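Student: Mind having a look at this structure? Questions to follow.
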Protein chains: 2
Amino acid sequence: MPPRRTRPTLKDLATRLGISESAASFALNNRPGVSEGTRRRVLALAKELQWAPHHAARNLAGITSMTVGFVLTRDVQEFGMESFYLRLLTGAQTVLSDRGYGLLFQMTRSVEDELAVLRRWSEERRVEGVIISDLRRGDPRPAFLTELGLPAVLAGGPDPKKLLPCVMVDDAEAMRLIVDHLRGTGHRRLAYVSGPGDLLHVHRRTAAFKLAAADSLASPGVVGTDYSDEQGVSATRRLIEGPERPDAVVFDNEVLAVAGVRSLRGAGLSVPADVSVVSCEDSAICMALQPSLTAVQRDPTVFGEAVARKLLRLVHDEPEPAVESQQPTIVIRESTRQR
Amino acid sequence: MPPRRTRPTLKDLATRLGISESAASFALNNRPGVSEGTRRRVLALAKELQWAPHHAARNLAGITSMTVGFVLTRDVQEFGMESFYLRLLTGAQTVLSDRGYGLLFQMTRSVEDELAVLRRWSEERRVEGVIISDLRRGDPRPAFLTELGLPAVLAGGPDPKKLLPCVMVDDAEAMRLIVDHLRGTGHRRLAYVSGPGDLLHVHRRTAAFKLAAADSLASPGVVGTDYSDEQGVSATRRLIEGPERPDAVVFDNEVLAVAGVRSLRGAGLSVPADVSVVSCEDSAICMALQPSLTAVQRDPTVFGEAVARKLLRLVHDEPEPAVESQQPTIVIRESTRQR
DNA sequence: TGCTTACGCTAAAGCGCATTAGCTACCCCG
DNA sequence: CGGGGTAGCTAATGCGCTTTAGCGTAAGCA
């Protein structure tokens with residue numbers, strides 16, 4: 001590999017044109033202070049020499065770092081969520097790169113590590129703002145970010161203390177859609193296999209489910225899991241072995257749903273003949289499975305775009321609502337059937 | 001949100017301690033030139049004031065940007081590959097952040113866009129090196145990166161012109177494992193549903209498959225797809241409607257495999273009773289499906305780690321082999337059965 | 001003609017750090 | 001007791017850019 005080419009600097013451009021650096025800078029940044037002729041000559045030479053502003057120099061001279069960060073803490077093996085996050089990332093990425101922003105991405109193992117990363121990014125002035133997700137009960141991040149004064153947007157759910165703005169999905173509405181569909185198709189004993197209870201959105205969904213399905217809960221009505229395949233299987237077994245077997249089971253995401261279907265079949269039950277199944281998260285697997293799974297859709301890509309836009313508005317001090325909500329829809333497939 | 005705190009600078013530290021900036025710098029960078037006492041005092045104050053070096057300033061003063069880039073062009077809707085990429089990213093991320101490197105991530109829509117991003121990153125001196133993947137036939141990127149002099153590692157397959165170093169999976173070995181397993185279990189008419197033919201790894205796998213299964217190919221033996229669910233279904237149908245129905249079908253990834261299973265069933269065939277199925281890519285879905293899918297494993301996380309390590313060695317001018325290979329293994333599950 | 005304005009440009013400062021050269025004690029050794 | 005060496009520090013320079021202040025010239029106006 002050849003040595004990295006020594007890039008031309010602003011001074012190179014200026015001396016070659018016999019003008020000052022400032023004039024060149026004005027021309028390149030579309031500022032007043034140079035004649036149209038000089039401006040054109042500068043731009044032409046810049047293009048010819050493939051000049052581009054040194055990112056760090058620009059940053060140091062007061063321009064922003066044109067970078068936002070995204071930290072993701074994966075303390076559970078949430079294999080099922082992978083697709084969601086990459087699509088979220090994709091959406092955010094699109095908006096950011098359109099506006100010339102870069103995305104610094106980091107995964108951490110614990111919330112403490114995540115705090116350390118956020119602090120470092122902020123103090124090194126490496127990012128203008130950050131995206132965080134998966135708020136937990138008693139999560140230290142909102143207060144921490146507020147203290148740092150680092151613009152941040154919460155992807156996925158409102159901050160109970162209202163310290164951070166967020167883009168959320170209307171979980172209550174999602175649950176209502178599901179329960180309405182199930183009740184409307186004659187189901188009377190509903191159950192819910194949820195995620196880890198310390199995740200706030202799990203908590204919200206659980207509450208919404210209990211409320212919406214109040215008069216038609218199976219027993220037990222809700223069983224928690226850590227989002228793993230194993231617990232998806234065992235939670236489902238607990239449901240069907242309970243005193244009142246459900247005629248429909250709602251799963252918090254597609255991993256749990258897939259595990260649940262397997263568990264139901266293992267117990268000799270047919271989907272949807274004996275038990276209907278709904279997933280709170282849609283993905284390719286829900287469509288591909290047999291039977292295909294009825295699921296709540298919430299396009300993570302669009303979600304990511306909204307998050308990025310919100311963050312950029314925040315970074316640029318543009319006024320905006322604290323909470324933004326995305327309406328979910330339900331896709332009826334084969335796994336739910338009229339009773 | 002409170003205004004962002006004005007961070008302390010090196011000068012702040014120095015004046016508060018009554019020493020020069022240089023002394024403080026020496027102390028903080030663990031360089032000779034200061035006494036142990038002063039060093040300790042500097043470090044203590046830095047900690048107290050939560051000082052951290054300004055990233056851009058450091059970068060400008062000659063230290064590297066401590067950042068590597070990863071561009072991903074997704075011109076097909078490769079939903080199935082999502083899990084692979086996020087795990088690759090995870091692996092790379094781990095190694096990089098352990099060494100203090102940040103990861104700049106960008107997705108682009110076309111190879112042209114990707115080239116533009118690479119050029120910009122290089123000229124702005126924003127990254128020290130990059131990771132690229134999915135090499136295609138006649139791909140302009142290796143030559144382009146060589147010309148830029150930007151260190152780069154190819155994730156996924158050797159560069160035919162040997163311009164770039166790479167970390168690859170031994171595709172030929174993977175195919176041999178699969179074919180050996182199938183032949184060893186009595187299958188005699190093998191077929192392969194591959195990905196887009198302009199992807200080099202698809203090309204390599206196809207060749208390896210044809211070679212390994214030379215004396216037991218169904219007809220048609222290989223059908224290409226764009227990795228979409230739809231084409232997975234139709235390709236499979238073409239196989240079973242062909243003159244010589246396969247008794248085992250190999251799919252290039254799990255999305256195709258899932259689609260294939262559906263297609264086989266739709267045609268009244270049972271898996272594995274009538275037709276065995278193998279996926280060249282393992283993931284949660286392969287385990288969760290019924291029947292679970294026999295698949296080739298190649299741990300994308302470990303793969304990502306190897307890629308990142310290789311890139312860092314390259315960036316630091318450490319000697320290293322041009323091509324690094326990872327051995328795949330095969331996991332036998334329910335979708336293949338003795339004939 | 002003399003005044004103000006506007007234009008097109010230059011010079012210089014500064015962003016926060018790393019690094020090099022230089023300077024002053026002090027110690028060791030002959 | 002003097003010279004060389006070294007530890008511990010400071011001053012100054014530069015990285016590549018943006019920005020402010022200032023300067024000369026030409027145009028506009030009375």
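Identifiers in the structure tokens: chain A, B, ... in order shown; residue index from 1 per chain; ligand index from 1 in order shown.
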Would you tabulate, counting only C-alpha atoms (C1' of nucleotides), all residues of chain C that have an atom at most 10 Å from an atom of chain A, showing the closest pair of atoms and their distance in Å to one decimal, sorted by chain then ascending number, as a Markdown table?
Tutor:
| residue | atom | partner | partner_atom | distance |
| --- | --- | --- | --- | --- |
| C:DC7 | C1' | A:Gly33 | CA | 7.7 |
| C:DG8 | C1' | A:Val34 | CA | 5.6 |
| C:DC9 | C1' | A:Ala23 | CA | 6.9 |
| C:DT10 | C1' | A:Ser20 | CA | 6.4 |
| C:DA11 | C1' | A:Ser20 | CA | 9.1 |
| C:DG14 | C1' | A:Ala61 | CA | 8.0 |
| C:DC15 | C1' | A:Ala61 | CA | 4.8 |
| C:DG16 | C1' | A:Leu60 | CA | 7.5 |
Student: If the cut-off is 7 Å, can you tell me the residues of chain B near chain A, counting only C-alpha atoms? I'd like them as number ranges by chain.
Tutor: B: 1-5, 7, 52-57, 59-60, 82-83, 86, 90, 93, 102-107, 123-126, 146, 148-150, 258-259, 288
Student: Identify all chain D residues at most 7 Å from chain B by counting only C-alpha atoms (C1' of nucleotides); ligands do not count. Present them as JSON, numbers by chain.
Tutor: {"D": [8, 10, 15]}
Student: My list of candidates is B:Ala27, B:Ser279, B:Leu200, B:Ala218. Which is closest to D:DC9 when distances are computed with only C-alpha atoms (C1' of nucleotides)?
Tutor: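 Looking at the shortest contact to D:DC9, the residue is B:Ala27.
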Student: Just give me the gap between atom CA of A:Gly197 and atom CA of A:Gln231 in Å, one decimal is fine.
Tutor: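 Separating atom CA of A:Gly197 from atom CA of A:Gln231 is a distance of 13.6 Å.
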Student: Which polymer residues have any atom within 9 Å of an atom of stretch 1-4 of chain C, counting only C-alpha atoms (C1' of nucleotides), with same-chain residues fewer than 2 positions away left out, as a ChimeraX atom specification?
Tutor: /D:28-30
Student: Name all residues at most 12 Å from A:Val202 (count only C-alpha atoms (C1' of nucleotides); drop same-chain ones fewer than 3 positions away) and give them as an MDAnalysis selection string.
Tutor: chainID A and resid 134:137 156:157 171:172 175 192:199 205:209 222:227 251:253 280
